[in-house]
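Structure data follow from target_34.cif (mmCIF, C-alpha atoms and all ligand atoms):
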```cif
data_data
#
loop_
_atom_site.label_atom_id
_atom_site.label_comp_id
_atom_site.auth_asym_id
_atom_site.auth_seq_id
_atom_site.Cartn_x
_atom_site.Cartn_y
_atom_site.Cartn_z
CA MET O 1 72.59 123.12 97.37
CA ARG O 2 75.68 120.97 97.35
CA ILE O 3 78.93 122.66 98.23
CA GLU O 4 81.85 121.50 96.13
CA ARG O 5 84.74 120.02 98.08
CA ARG O 6 88.13 120.30 96.51
CA ARG O 7 91.66 119.89 97.71
CA SER O 8 93.62 123.10 97.74
CA ALA O 9 96.62 123.48 95.43
CA SER O 10 99.01 123.35 98.38
CA GLN O 11 97.44 120.09 99.58
CA ILE O 12 98.06 118.50 96.17
CA ALA O 13 101.50 120.02 95.69
CA LEU O 14 103.00 118.93 99.01
CA PRO O 15 103.40 115.18 98.23
CA LYS O 16 105.20 116.15 95.00
CA VAL O 17 107.59 118.28 97.08
CA ILE O 18 108.21 115.35 99.43
CA TYR O 19 108.83 113.01 96.48
CA SER O 20 111.19 115.52 94.89
CA ILE O 21 113.17 116.02 98.11
CA ALA O 22 113.34 112.26 98.67
CA GLY O 23 114.48 111.71 95.09
CA LEU O 24 117.12 114.41 95.42
CA VAL O 25 118.38 112.96 98.73
CA LEU O 26 118.54 109.53 97.08
CA ILE O 27 120.50 110.80 94.08
CA LEU O 28 122.89 112.72 96.38
CA MET O 29 123.30 109.60 98.50
CA ILE O 30 124.13 107.44 95.50
CA LEU O 31 126.53 110.06 94.12
CA THR O 32 128.19 110.38 97.55
CA SER O 33 128.51 106.61 97.80
CA VAL O 34 130.03 106.33 94.32
CA TRP O 35 132.39 109.22 95.07
CA THR O 36 133.37 107.63 98.43
CA TYR O 37 133.96 104.31 96.70
CA TYR O 38 136.23 105.86 94.06
CA SER O 39 138.04 108.06 96.60
CA ILE O 40 138.81 105.11 98.84
CA ASN O 41 139.73 103.05 95.79
CA ASN O 42 142.11 105.76 94.68
CA LEU O 43 143.59 106.10 98.15
CA LEU O 44 144.17 102.36 98.27
CA ARG O 45 145.88 102.43 94.88
CA VAL O 46 148.15 105.33 95.88
CA THR O 47 149.00 103.63 99.16
CA GLN O 48 149.60 100.38 97.31
CA ASP O 49 151.89 102.13 94.79
CA ARG O 50 153.91 103.71 97.59
CA ARG O 51 154.12 100.42 99.43
CA GLU O 52 155.27 98.61 96.27
CA HIS O 53 157.80 101.31 95.54
CA ALA O 54 159.21 101.13 99.05
CA LEU O 55 159.25 97.35 98.86
CA ILE O 56 161.09 97.09 95.54
CA LYS O 57 163.51 99.84 96.52
CA GLY O 58 164.31 97.93 99.73
CA ILE O 59 164.89 94.71 97.77
CA ALA O 60 167.06 96.56 95.23
CA VAL O 61 169.28 97.91 98.02
CA ALA O 62 169.47 94.45 99.60
CA VAL O 63 170.51 92.77 96.36
CA SER O 64 172.93 95.38 95.04
CA ASP O 65 175.92 94.23 97.18
CA PRO O 66 175.66 90.51 96.27
CA ILE O 67 175.36 91.52 92.59
CA VAL O 68 178.50 93.64 92.76
CA THR O 69 180.44 90.92 94.62
CA ARG O 70 178.79 88.22 92.45
CA ASP O 71 177.89 86.37 95.62
CA TYR O 72 175.00 84.46 94.10
CA THR O 73 174.41 82.30 97.17
CA GLU O 74 173.84 85.44 99.20
CA LEU O 75 171.77 86.89 96.37
CA GLU O 76 169.55 83.80 96.28
CA SER O 77 169.18 83.86 100.05
CA ARG O 78 168.04 87.51 99.94
CA LEU O 79 165.58 86.77 97.15
CA VAL O 80 164.18 83.80 99.06
CA ASP O 81 163.63 86.16 102.01
CA THR O 82 161.85 88.51 99.66
CA LEU O 83 159.55 85.76 98.46
CA ALA O 84 158.45 85.18 102.07
CA ASN O 85 156.21 88.23 101.57
CA GLU O 86 152.64 86.96 101.34
CA ASN O 87 151.78 88.64 98.03
CA MET O 88 155.08 88.01 96.33
CA LEU O 89 154.90 85.45 93.48
CA ALA O 90 158.28 85.65 91.75
CA VAL O 91 161.48 87.66 91.83
CA ALA O 92 164.24 87.86 89.24
CA ILE O 93 167.53 89.70 88.72
CA THR O 94 168.78 90.37 85.20
CA ASP O 95 171.72 92.27 83.85
CA SER O 96 171.05 95.64 82.20
CA LYS O 97 170.08 93.91 78.94
CA GLY O 98 167.70 91.38 80.43
CA ASN O 99 169.88 88.27 80.73
CA VAL O 100 168.76 86.41 83.80
CA ILE O 101 171.20 86.27 86.69
CA LEU O 102 168.80 84.66 89.11
CA ASN O 103 165.11 83.79 88.77
CA LEU O 104 163.00 82.51 91.67
CA ALA O 105 159.30 81.69 91.80
CA LYS O 106 157.13 80.76 94.71
CA SER O 107 155.85 77.18 94.53
CA LYS O 108 152.19 77.13 93.53
CA THR O 109 151.49 73.95 95.48
CA ASN O 110 153.49 74.92 98.56
CA PRO O 111 153.61 78.73 99.00
CA GLY O 112 156.27 78.33 101.74
CA GLU O 113 158.75 77.04 99.11
CA SER O 114 160.57 78.96 96.35
CA ASN O 115 162.16 77.35 93.31
CA LEU O 116 164.79 78.54 90.93
CA VAL O 117 163.50 78.98 87.40
CA PHE O 118 166.04 77.74 84.88
CA ASP O 119 164.08 77.64 81.65
CA GLN O 120 163.98 81.41 81.29
CA THR O 121 167.42 82.84 80.57
CA PHE O 122 166.25 86.13 79.18
CA ILE O 123 163.44 88.41 80.34
CA ASN O 124 162.65 91.46 78.29
CA PRO O 125 163.06 94.54 80.59
CA PRO O 126 161.50 97.91 79.69
CA LEU O 127 164.71 99.18 78.16
CA ASN O 128 163.32 102.21 76.36
CA THR O 129 162.10 103.93 79.51
CA SER O 130 163.92 106.60 81.45
CA SER O 131 161.98 105.79 84.62
CA ASP O 132 163.59 103.63 87.32
CA LEU O 133 160.29 101.90 88.10
CA VAL O 134 157.85 100.43 85.60
CA LYS O 135 154.64 98.79 86.62
CA THR O 136 152.30 96.63 84.56
CA GLN O 137 149.25 94.73 85.68
CA ASP O 138 147.64 91.66 84.20
CA GLY O 139 144.50 90.55 86.03
CA GLY O 140 145.39 89.97 89.65
CA VAL O 141 149.18 89.99 89.03
CA VAL O 142 151.36 93.13 89.19
CA THR O 143 154.79 93.11 87.58
CA LEU O 144 157.35 95.67 88.76
CA TRP O 145 160.64 96.45 87.04
CA TYR O 146 163.24 98.41 88.96
CA LYS O 147 166.74 99.53 87.98
CA VAL O 148 169.33 98.27 90.49
CA ARG O 149 172.05 100.83 90.84
CA ALA O 150 175.36 101.03 92.63
CA GLY O 151 176.65 104.21 91.03
CA VAL O 152 176.02 102.59 87.63
CA VAL O 153 173.06 100.49 86.57
CA LEU O 154 173.82 96.92 87.64
CA GLY O 155 170.74 95.39 86.13
CA TRP O 156 167.02 94.98 86.65
CA LEU O 157 165.05 93.68 89.56
CA ARG O 158 161.72 92.20 88.52
CA ILE O 159 159.06 91.16 90.97
CA GLU O 160 155.64 89.69 90.42
CA MET O 161 153.03 90.30 93.10
CA SER O 162 149.49 89.23 93.61
CA THR O 163 146.90 91.96 94.22
CA GLN O 164 144.70 89.48 96.07
CA THR O 165 144.75 91.33 99.41
CA GLU O 166 144.06 94.65 97.77
CA ASP O 167 141.22 93.12 95.74
CA GLN O 168 139.77 91.59 98.87
CA ILE O 169 139.79 94.98 100.57
CA LEU O 170 138.16 96.59 97.54
CA ASN O 171 135.55 93.86 97.25
CA THR O 172 134.70 94.17 100.94
CA LEU O 173 134.53 97.92 100.55
CA GLN O 174 132.28 97.62 97.50
CA ARG O 175 130.00 95.15 99.29
CA ASN O 176 129.79 97.33 102.38
CA ILE O 177 129.02 100.47 100.40
CA THR O 178 126.35 98.64 98.37
CA LEU O 179 124.85 97.31 101.59
CA SER O 180 124.91 100.76 103.22
CA VAL O 181 123.27 102.35 100.16
CA ALA O 182 120.60 99.64 100.13
CA LEU O 183 119.94 100.09 103.86
CA VAL O 184 119.78 103.88 103.62
CA PHE O 185 117.54 103.51 100.57
CA LEU O 186 115.19 101.23 102.52
CA ALA O 187 115.23 103.60 105.49
CA LEU O 188 114.47 106.52 103.21
CA ILE O 189 111.60 104.70 101.52
CA SER O 190 110.18 103.78 104.95
CA ILE O 191 110.46 107.38 106.12
CA ILE O 192 108.71 108.59 102.95
CA ILE O 193 105.92 106.05 103.43
CA VAL O 194 105.46 107.14 107.06
CA ILE O 195 105.48 110.82 106.09
CA MET O 196 103.06 110.23 103.21
CA ARG O 197 100.67 108.26 105.40
CA ARG O 198 100.73 110.96 108.08
CA PHE O 199 100.36 113.63 105.46
CA PHE O 200 97.33 111.98 103.88
CA ARG O 201 95.81 111.45 107.31
CA VAL O 202 96.20 115.16 108.00
CA ILE O 203 94.64 115.99 104.62
CA GLU O 204 91.80 113.58 105.26
CA ALA O 205 91.20 115.08 108.71
CA GLY O 206 91.36 118.56 107.19
CA GLU O 207 88.96 117.58 104.43
CA ASN O 208 86.54 116.02 106.88
CA ALA O 209 86.65 119.14 109.00
CA LEU O 210 86.08 121.20 105.85
CA ILE O 211 83.18 119.00 104.79
CA GLU O 212 81.65 119.25 108.25
CA SER O 213 82.02 123.00 108.36
CA ASN O 214 80.67 123.28 104.80
CA ASP O 215 77.71 121.15 105.78
CA LEU O 216 77.18 123.32 108.83
CA LEU O 217 77.39 126.45 106.71
CA ALA O 218 75.07 124.92 104.13
CA ASN O 219 72.61 124.02 106.84
CA ALA O 220 72.86 127.43 108.42
CA ALA O 221 72.19 129.06 105.05
CA TYR O 222 69.13 126.97 104.21
CA ILE O 223 67.61 126.18 107.59
CA ASP O 224 65.24 128.35 109.60
CA GLU O 225 66.83 128.79 113.00
CA LEU O 226 63.59 128.79 114.99
CA THR O 227 61.67 125.87 113.50
CA LYS O 228 64.60 123.99 111.91
CA LEU O 229 62.58 123.76 108.69
CA PRO O 230 64.17 124.69 105.35
CA ASN O 231 63.95 128.46 104.94
CA ARG O 232 63.10 130.89 102.14
CA SER O 233 66.52 130.31 100.45
CA ALA O 234 65.66 126.63 100.05
CA LEU O 235 62.23 127.37 98.49
CA ILE O 236 63.16 127.63 94.80
CA PRO O 237 65.75 124.77 94.81
CA LEU O 238 63.29 122.47 96.58
CA LEU O 239 60.43 123.53 94.32
CA GLU O 240 62.56 122.88 91.22
CA GLN O 241 63.44 119.47 92.62
CA ALA O 242 59.77 118.70 93.33
CA ILE O 243 58.71 119.85 89.84
CA SER O 244 61.39 117.66 88.27
CA SER O 245 60.35 114.52 90.18
CA CYS O 246 56.65 115.27 89.48
CA HIS O 247 57.58 115.61 85.81
CA GLN O 248 59.30 112.22 85.89
CA GLN O 249 56.76 110.35 88.00
CA GLY O 250 53.59 111.99 86.73
CA GLY O 251 50.66 113.13 88.89
CA LEU O 252 50.17 116.55 90.41
CA LEU O 253 52.27 118.74 92.62
CA ALA O 254 50.45 121.06 95.03
CA VAL O 255 52.35 124.22 95.89
CA CYS O 256 50.64 125.46 99.05
CA PHE O 257 51.23 128.87 100.62
CA LEU O 258 50.11 128.72 104.26
CA ASP O 259 49.66 131.75 106.53
CA LEU O 260 48.49 131.38 110.12
CA ASP O 261 45.27 133.16 111.04
CA GLY O 262 45.35 135.65 113.88
CA PHE O 263 48.91 134.86 114.85
CA LYS O 264 49.57 138.50 115.71
CA LEU O 265 47.08 138.13 118.53
CA VAL O 266 49.05 135.27 120.02
CA ASN O 267 52.11 137.47 120.15
CA ASP O 268 50.16 140.40 121.48
CA ARG O 269 48.32 138.42 124.15
CA LEU O 270 50.95 135.89 125.25
CA GLY O 271 54.20 137.46 124.19
CA HIS O 272 56.79 136.80 121.51
CA THR O 273 58.25 133.73 123.27
CA ALA O 274 54.85 132.04 123.32
CA GLY O 275 54.46 133.03 119.65
CA ASP O 276 57.77 131.31 118.93
CA GLU O 277 56.62 128.15 120.68
CA VAL O 278 53.44 128.18 118.60
CA LEU O 279 55.51 128.51 115.41
CA ILE O 280 57.73 125.58 116.49
CA GLU O 281 54.67 123.45 117.24
CA VAL O 282 53.04 124.40 113.93
CA ALA O 283 56.25 123.40 112.12
CA GLN O 284 56.32 120.04 113.87
CA ARG O 285 52.67 119.37 113.05
CA LEU O 286 53.14 120.29 109.41
CA ARG O 287 56.19 118.03 109.17
CA ALA O 288 54.27 115.19 110.81
CA THR O 289 51.31 115.65 108.47
CA ILE O 290 53.09 115.61 105.13
CA ARG O 291 54.49 112.50 103.43
CA GLY O 292 58.15 111.54 103.32
CA ASP O 293 58.76 112.93 99.84
CA ASP O 294 56.89 116.16 100.50
CA ALA O 295 58.51 119.32 101.76
CA VAL O 296 57.61 122.07 104.18
CA MET O 297 59.44 125.36 104.61
CA ARG O 298 59.04 128.44 106.74
CA LEU O 299 59.41 131.60 104.67
CA GLY O 300 59.41 133.85 107.72
CA GLY O 301 56.84 135.25 110.20
CA ASP O 302 53.82 132.95 110.20
CA GLU O 303 54.21 132.00 106.51
CA PHE O 304 54.95 128.43 105.42
CA VAL O 305 55.09 126.67 102.04
CA LEU O 306 54.15 123.04 101.54
CA LEU O 307 55.10 121.04 98.44
CA LEU O 308 52.82 118.04 98.21
CA GLY O 309 53.78 115.70 95.39
CA GLY O 310 52.52 112.37 94.08
CA ILE O 311 48.90 113.58 93.99
CA GLN O 312 46.84 111.55 91.52
CA THR O 313 43.61 113.55 91.49
CA GLN O 314 42.50 117.01 92.48
CA GLN O 315 40.19 115.36 94.96
CA GLU O 316 43.20 113.88 96.69
CA SER O 317 44.65 117.37 97.17
CA HIS O 318 41.47 118.37 99.04
CA TYR O 319 41.96 115.45 101.34
CA LEU O 320 45.59 116.40 102.06
CA LEU O 321 44.75 120.07 102.68
CA ARG O 322 41.98 119.13 105.06
CA ARG O 323 44.41 116.91 106.93
CA VAL O 324 46.81 119.85 107.29
CA LEU O 325 44.19 122.20 108.66
CA THR O 326 42.81 119.54 110.99
CA ALA O 327 46.30 118.96 112.39
CA LEU O 328 46.78 122.69 113.02
CA GLN O 329 43.38 123.23 114.58
CA LYS O 330 44.09 121.02 117.57
CA PRO O 331 44.83 123.21 120.60
CA ILE O 332 48.49 123.96 121.22
CA ARG O 333 49.58 123.61 124.84
CA LEU O 334 51.97 126.25 126.12
CA PRO O 335 53.44 126.27 129.66
CA HIS O 336 50.71 128.63 130.96
CA ASP O 337 48.14 128.72 128.18
CA LYS O 338 46.41 126.86 125.47
CA VAL O 339 46.19 128.30 121.95
CA THR O 340 44.05 127.29 119.02
CA ILE O 341 45.26 128.50 115.70
CA GLY O 342 43.99 128.20 112.15
CA ALA O 343 45.57 128.84 108.78
CA SER O 344 44.68 129.99 105.31
CA ILE O 345 46.21 128.08 102.41
CA GLY O 346 46.58 129.18 98.79
CA VAL O 347 47.21 126.39 96.29
CA THR O 348 48.46 126.12 92.76
CA LEU O 349 48.83 122.79 91.01
CA TYR O 350 51.62 121.73 88.70
CA PRO O 351 51.38 120.90 85.77
CA PHE O 352 48.12 122.88 85.36
CA ASP O 353 50.21 125.82 86.49
CA ASN O 354 53.29 125.48 84.33
CA SER O 355 54.81 128.88 85.06
CA SER O 356 58.26 129.45 86.61
CA PRO O 357 58.83 128.27 90.20
CA ALA O 358 58.87 131.87 91.47
CA GLU O 359 55.58 132.64 89.68
CA MET O 360 54.00 129.48 91.05
CA VAL O 361 54.83 130.66 94.57
CA GLU O 362 53.29 134.05 93.75
CA HIS O 363 50.14 132.31 92.45
CA ALA O 364 49.88 130.27 95.66
CA ASP O 365 50.37 133.47 97.68
CA GLU O 366 47.61 135.21 95.75
CA ALA O 367 45.31 132.24 96.33
CA MET O 368 46.13 132.37 100.06
CA TYR O 369 44.89 135.97 100.17
CA GLU O 370 41.68 134.80 98.52
CA ALA O 371 41.30 132.19 101.26
CA LYS O 372 41.82 134.92 103.89
CA LYS O 373 39.25 137.10 102.15
CA GLN O 374 36.78 134.27 102.08
CA GLY O 375 36.82 133.84 105.83
CA LYS O 376 40.19 132.23 106.75
CA ASN O 377 40.93 128.73 108.04
CA SER O 378 40.38 127.34 104.58
CA TRP O 379 42.19 126.71 101.31
CA HIS O 380 41.74 128.25 97.94
CA PHE O 381 43.01 127.18 94.50
CA HIS O 382 44.55 129.78 92.25
CA LYS O 383 42.26 131.17 89.59
CA ASN O 384 44.33 129.68 86.76
CA MET O 385 43.47 126.16 87.86
CA PRO O 386 40.80 124.13 86.09
CA PRO O 387 37.55 124.57 88.00
CA VAL O 388 37.96 122.77 91.27
CA GLU O 389 35.96 122.99 94.40
CA ASN O 390 37.50 125.32 97.02
CA LYS O 391 36.54 123.95 100.39
CA SER O 392 37.25 124.38 104.02
N1 LIG O 401 56.75 135.04 117.79
C1 LIG O 401 57.16 135.39 116.57
N2 LIG O 401 56.43 136.23 115.85
C2 LIG O 401 56.77 136.59 114.63
C3 LIG O 401 57.93 136.10 114.06
N3 LIG O 401 58.07 136.60 112.80
C4 LIG O 401 57.01 137.39 112.60
N4 LIG O 401 56.22 137.40 113.71
C5 LIG O 401 54.99 138.05 113.91
O1 LIG O 401 53.99 137.33 113.23
C6 LIG O 401 52.92 138.23 112.97
C7 LIG O 401 52.43 137.96 111.59
O2 LIG O 401 51.49 138.93 111.25
P1 LIG O 401 50.25 138.73 110.33
O3 LIG O 401 50.33 137.45 109.59
O4 LIG O 401 50.16 139.99 109.56
O5 LIG O 401 49.11 138.72 111.41
P2 LIG O 401 47.96 137.73 111.63
O6 LIG O 401 47.45 138.04 112.96
O7 LIG O 401 48.38 136.33 111.38
O8 LIG O 401 46.97 138.22 110.52
P3 LIG O 401 46.27 137.35 109.39
O9 LIG O 401 47.33 136.72 108.63
O10 LIG O 401 45.50 138.37 108.59
O11 LIG O 401 45.40 136.38 110.11
C8 LIG O 401 53.44 139.62 113.21
O12 LIG O 401 52.93 140.12 114.44
C9 LIG O 401 54.95 139.46 113.36
O13 LIG O 401 55.51 140.36 114.28
C10 LIG O 401 58.72 135.20 114.83
O14 LIG O 401 59.75 134.71 114.44
N5 LIG O 401 58.28 134.88 116.08
#
```

What is this structure when it is put down as structure tokens?
Amino acid sequence: MRIERRRSASQIALPKVIYSIAGLVLILMILTSVWTYYSINNLLRVTQDRREHALIKGIAVAVSDPIVTRDYTELESRLVDTLANENMLAVAITDSKGNVILNLAKSKTNPGESNLVFDQTFINPPLNTSSDLVKTQDGGVVTLWYKVRAGVVLGWLRIEMSTQTEDQILNTLQRNITLSVALVFLALISIIIVIMRRFFRVIEAGENALIESNDLLANAAYIDELTKLPNRSALIPLLEQAISSCHQQGGLLAVCFLDLDGFKLVNDRLGHTAGDEVLIEVAQRLRATIRGDDAVMRLGGDEFVLLLGGIQTQQESHYLLRRVLTALQKPIRLPHDKVTIGASIGVTLYPFDNSSPAEMVEHADEAMYEAKKQGKNSWHFHKNMPPVENKS
């Protein structure tokens, strides 16, 4: 009589959807971050290139006059000014073949100072290029070659610059993006956890409601509305259960079909409502009389079935049946009347009667009719039983 409780497909599928969306968002976020990082990186490089170009062009213009006039004092002064630039490391002027005209390097110990470099008389310029500007990079140092022109090519301007500032910007950018991704990732994970927890709470609540409604439905299907006893639908399942435990534990199981005597009269004399009250009282008395493991059901009308298990001897079944009738025979008090009612009981005993559950009920029913025939308010064992004394 158990009703299976399963989660619906949509209930199982939804967390997967949430995980997939979250995963997708995460991948998009990482891709966006990487793309942003490379875009900004690229932008910085382009800006840096333009800045360097403008810078070297400016220096070239500034040094072209002193080169033409061979005013090396003025040339040195202009190069020293150039070296004042924070990132500038060295600056040199060569003729068109690479012979050094002037070579200045910033002092490593005192960046405010610049020294003439004398030990390098020739620097190899990129002679086989048609471009005016050539850039090479080695680690954090950028070397720029630029053709100095005044109508004709006067020579080469060579500057060495540190990319320290640029690297710092990029490192900061990289750190910030990594931090942002980590923070967004954490936020996303937290949101997923919150959503999942809420989701599972909703499922749990839904499941509980489903279980409750299933239980209610199950009860409604197997319970007699008037007496609250199990009804006819519960008869075979309960009988099968009782047979199985009797089979395991041994002893006898009495299947008792009980029909009230003269109940129609109660209805006729006192009305249907009074009849109902009598049925409710009978149900309560039957329930109070049987043992915890026994069962009592109302099949309908004034018919009940009792399943009395754990009986060791046939004699014991007589005792139990007498107890049932004695309990019923006590007057029933109604608001305006008092009713005394009896019952006839037909009995079949398992395992003497080893037929199917439905047949056993039929046998008990037949025996009940025998009890009625023999004067009512008594019990009668089915004819298939070993000879036992039928008593009232
Ligand atoms: N009050 C009430 N009466 C019911 C209900 N269901 C069936 N009945 C009545 O119960 C009576 C049962 O009839 P019988 O068992 O044939 O009559 P009886 O007087 O007990 O006859 P015997 O069994 O031969 O003693 C009928 O009058 C039905 O109308 C119910 O739920 N409530």

So that I can see what lies close to Gly275 of chain O, please list as a PyMOL selection string the residues with an atom at most 12 Å from it, counting all atoms listed in the file and leaving out residues fewer than 2 positions away in the same chain. chain O and resi 226-227+260+262-273+277-282+301-302+332-334+337-341

Which residues of segment 157-224 of chain O come within 12 Å of segment 90-100 of chain O, and what is each one's closest atom pair and distance in Å (one decimal), counting all atoms listed in the file, sorted by chain and residue number, as a tab-separated table?
```
residue	atom	partner	partner_atom	distance
O:Leu157	CA	O:Ile93	CA	4.8
O:Arg158	CA	O:Ala92	CA	5.1
O:Ile159	CA	O:Val91	CA	4.3
O:Glu160	CA	O:Ala90	CA	5.0
O:Met161	CA	O:Ala90	CA	7.1
O:Ser162	CA	O:Ala90	CA	9.7
```

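Take the candidates O:Val34, O:His363, O:Asn85, O:Met196 and check each one against Ile18 of chain O using only C-alpha atoms; the shortest distance goes to O:Met196.
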
Please indicate the distance in Å from atom CA of Asn42 of chain O to atom CA of Ala60 of chain O, rounded to one decimal place.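 So the answer is 26.6 Å.
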
Neighbours of segment 44-54 of chain O within 8 Å (only C-alpha atoms; same-chain residues fewer than 3 positions away dropped), as a ChimeraX atom specification? /O:40-41,57-58,133,166

Can you tell me how far atom CA of Glu225 of chain O sits from atom CA of Val296 of chain O, in Å to one decimal?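 These atoms are spaced 14.4 Å apart.
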
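For the pair atom CA of Val255 of chain O and atom CA of Leu320 of chain O, the interatomic distance is 12.0 Å.
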
Nearest to Arg287 of chain O by atom-to-atom distance, counting all atoms listed in the file, from O:Leu24, O:Ile195, O:Leu308, O:Leu116: O:Leu308
